[in-house]
Number of protein chains: 6
Amino acid sequence: MSDDIARKTAETAKLYFRGVETEKPYELWKSFDSGLARDLSMFITGQMYAREVLPHPMRQLVAVAALTVLEKKEELELHLRAALNVGCQPRELAEAIFQTAVYGGVPAMNQGLHVLRKVLKDQGLWPLGEAG
Amino acid sequence: MSDDIARKTAETAKLYFRGVETEKPYELWKSFDSGLARDLSMFITGQMYAREVLPHPMRQLVAVAALTVLEKKEELELHLRAALNVGCQPRELAEAIFQTAVYGGVPAMNQGLHVLRKVLKDQGLWPLGEAG
Amino acid sequence: MSDDIARKTAETAKLYFRGVETEKPYELWKSFDSGLARDLSMFITGQMYAREVLPHPMRQLVAVAALTVLEKKEELELHLRAALNVGCQPRELAEAIFQTAVYGGVPAMNQGLHVLRKVLKDQGLWPLGEAG
Amino acid sequence: MSDDIARKTAETAKLYFRGVETEKPYELWKSFDSGLARDLSMFITGQMYAREVLPHPMRQLVAVAALTVLEKKEELELHLRAALNVGCQPRELAEAIFQTAVYGGVPAMNQGLHVLRKVLKDQGLWPLGEAG
Amino acid sequence: MSDDIARKTAETAKLYFRGVETEKPYELWKSFDSGLARDLSMFITGQMYAREVLPHPMRQLVAVAALTVLEKKEELELHLRAALNVGCQPRELAEAIFQTAVYGGVPAMNQGLHVLRKVLKDQGLWPLGEAG
Amino acid sequence: MSDDIARKTAETAKLYFRGVETEKPYELWKSFDSGLARDLSMFITGQMYAREVLPHPMRQLVAVAALTVLEKKEELELHLRAALNVGCQPRELAEAIFQTAVYGGVPAMNQGLHVLRKVLKDQGLWPLGEAG
């Protein structure tokens with residue numbers, strides 16, 4: 001079973017984090033403790049993200065909404081990239097971030113928009129076209 | 001234009017909050033200030049939720065994710081009901097709540113699951129079947 | 001100097017918490033450690049709240065705003081009572097709570113309004129009149 | 001009525017944000033969606049901040065208290081500038097920030113003081129004189 | 001290896017949660033999804049809590065401090081019980097909660113003290129003696 | 001008594017913050033108000049940290065856990081330095097930070113690990129050896 005989880009972890013990480021060039025969380029963890037890093041990674045990516053109950057674009061919307069209101073900007077950037085990698089549209093991501101202002105306030109929304117604009121610029125997707 | 005927003009506000013509120021019997025936020029606001037209550041309601045429901053960039057089930061996932069990590073249990077309950085009203089499946093909602101543990105920790109997830117179980121019980125949808 | 005702080009602590013506590021019948025924070029602390037309870041109380045009430053840089057009604061608005069967005073409902077209730085004791089008007093308190101929705105989101109505002117309505121009802125000040 | 005709100009929005013924005021040279025929230029929103037940016041701005045500035053229940057200096061204290069405990073430093077900077085623009089005194093703003101330590105802890109207070117000191121330096125108001 | 005983790009999970013859960021009669025998190029999770037419940041439990045209890053880098057009393061202090069400032073009162077109650085089960089003294093737990101006021105504010109500390117007093121009363125350890 | 005507190009404040013501050021070269025909180029406070037700065041410092045350091053109910057290494061673990069989940073990175077850095085000054089081991093500090101992911105989520109843990117790695121590098125303690 002463990003091999004299966006390792007495979008799913010690798011596949012899902014590759015799908016989500018394609019093109020990410022900064023230090024990934026797994027690498028940060030591993031610099032402290034390689035065993036715990038592997039356990040954490042296999043749990044989060046292999047046993048949680050790889051589950052098929054929610055399609056990947058919906059999972060990424062969940063991540064984007066939660067990370068925006070919590071103002072975790074490094075992880076928000078990672079998951080905005082993952083969202084684009086699995087097919088979310090830029091205007092959908094902006095809309096999700098705008099919507100969170102109702103729950104978590106305008107300043108958290110502002111930070112989310114800043115991070116999204118940075119990611120879109122990095123990928124040559126800015127400014128947004130009409131159809132988004 | 002204002003009539004159009006009023007109409008969208010009413011339609012969207014009806015779609016989301018069908019079957020909700022507790023005091024709705026609009027009623028709370030109105031008990032203090034009817035003008036501001038109307039402005040808030042038209043802005044949130046008519047000018048934000050009624051926009052068509054995100055389909056309603058995706059909007060509700062955004063709400064559920066944000067409200068779970070922020071531990072706003074009254075509003076989470078409202079939006080879990082709205083999510084079921086617009087077609088989200090119970091297992092999808094549970095999955096979204098489970099996923100948020102990565103971002104906001106296990107205790108917030110636990111509270112989200114408690115609220116979801118309560119809503120599902122109220123609606124005769126508990127226990128979950130295999131297919132969810 | 002210590003006597004002077006003790007006197008200011010007692011006077012300010014009396015001004016703010018007149019009519020509060022639930023266990024006050026000082027009493028909670030004292031049930032664990034009387035020395036630390038006195039130090040905490042003298043610092044917060046005698047060395048902070050008793051300073052004259054901000055008039056008491058402005059101090060209470062600061063408390064109400066912060067406690068609303070942090071969703072600390074027990075302490076919010078205490079400070080709404082203190083605010084009324086030092087002359088804040090019910091409509092001003094409602095307005096301050098409404099305004100915080102911009103910074104901390106609508107659910108925190110909702111909880112603040114619930115607490116305020118409870119306090120106003122307890123004091124026979126509900127429903128609000130036109131002039132507030 | 002809509003013209004009236006637009007006028008109030010413009011007047012209040014001018015009053016608050018005179019001298020702010022960084023990108024304002026409205027401009028950030030507009031870079032994503034001009035219609036939603038206008039709705040958000042008219043709601044927050046025209047329908048909320050322009051209400052006369054609270055005088056502007058008290059509104060800014062509410063903003064400063066909430067933004068300090070939430071650690072939203074960009075928006076805190078904006079509202080500290082607005083507070084000075086509507087007549088709040090530097091020592092009153094420092095006092096409000098110090099007071100929030102009781103509710104939101106010392107580290108959030110520290111960040112608030114850092115932002116205030118930066119704003120006061122920018123405006124040639126640092127160091128504080130005796131009378132503040 | 002998996003058997004080893006299962007054994008450690010069971011042993012550590014037994015050590016920490018002896019005497020807890022309310023629904024445990026694992027049971028809540030299992031009511032939704034037994035596979036994910038097992039994965040979560042093995043990860044948290046078997047792969048994290050069972051590690052020997054920190055002795056159990058220090059781990060419980062970490063939990064108590066974090067859960068107090070986050071105001072997660074159900075989980076705080078669980079970990080206060082675990083702390084007593086692994087040998088922490090009541091006065092040490094009170095002291096840790098008092099200390100957190102500096103970081104997370106007084107209201108969160110107050111809630112922590114309320115939860116601790118409830119646990120100590122349940123276990124016949126209240127009021128505290130001189131030596132704690 | 002006041003002299004005794006002043007002495008304890010000085011001794012404890014020296015013990016904790018030896019080697020810290022950035023502006024200390026006391027200096028920040030003093031730049032605004034020297035009286036309040038002294039009161040705050042004597043309360044926190046002299047009347048809280050100097051109490052002997054918890055040994056210093058346990059106090060620092062409490063601080064590290066709380067500050068990690070609250071994501072107060074400046075103060076976390078200060079208390080990680082204090083923790084090393086009073087004898088905590090690098091691997092214990094890493095372990096405490098890893099553990100907090102359960103309560104406050106993975107992104108807050110990531111930030112804590114970043115701050116710890118920076119502190120360890122500054123002190124020539126990176127990379128960690130086997131025994132930590």
# chains A, B, ... in the order shown; residues from 1 in each chain; ligands from 1
>>> interface_residues(of="chain D", to="chain A", cutoff="10 Å", atoms="only C-alpha atoms", output="ChimeraX atom specification")
/D:25-26,28-29,31-33,36-37,40,44,67,70-76
>>> select_by_dssp(residues="chain D", states="alpha helix (DSSP H)", output="JSON, numbers by chain")
{"D": [2, 3, 4, 5, 6, 7, 8, 9, 10, 11, 12, 13, 14, 15, 16, 17, 25, 26, 27, 28, 29, 30, 31, 32, 34, 35, 36, 37, 38, 39, 40, 41, 56, 57, 58, 59, 60, 61, 62, 63, 64, 65, 66, 67, 68, 69, 70, 73, 74, 75, 76, 77, 78, 79, 80, 81, 82, 83, 84, 85, 90, 91, 92, 93, 94, 95, 96, 97, 98, 99, 100, 101, 102, 103, 104, 106, 107, 108, 109, 110, 111, 112, 113, 114, 115, 116, 117, 118, 119, 120, 121, 122]}
>>> residues_around(residues="Gln60 (chain F)", least_positions_apart="3", cutoff="8 Å", atoms="only C-alpha atoms", output="PyMOL selection string")
chain F and resi 56-57+63-64+79-80+82-83
>>> atom_distance(atom1="CA of Asp122 (chain B)", atom2="CA of Thr100 (chain B)")
23.6 Å
>>> atom_distance(atom1="CA of Val119 (chain F)", atom2="CA of Glu21 (chain F)")
12.5 Å
>>> residues_around(residues="Thr12 (chain E)", least_positions_apart="5", cutoff="8 Å", atoms="only C-alpha atoms", output="PyMOL selection string")
chain E and resi 45-46+49-50
>>> atom_distance(atom1="CA of Ala66 (chain C)", atom2="CA of Phe17 (chain C)")
18.4 Å
>>> residues_around(residues="Arg18 (chain D)", least_positions_apart="3", cutoff="8 Å", atoms="only C-alpha atoms", output="list in words")
Ala13, Lys14, Leu15, Ala82 and Asn85 of chain D
>>> residues_around(residues="Asp39 (chain F)", least_positions_apart="3", cutoff="8 Å", atoms="only C-alpha atoms", output="ChimeraX atom specification")
/C:43,47 /F:35-36,42-43
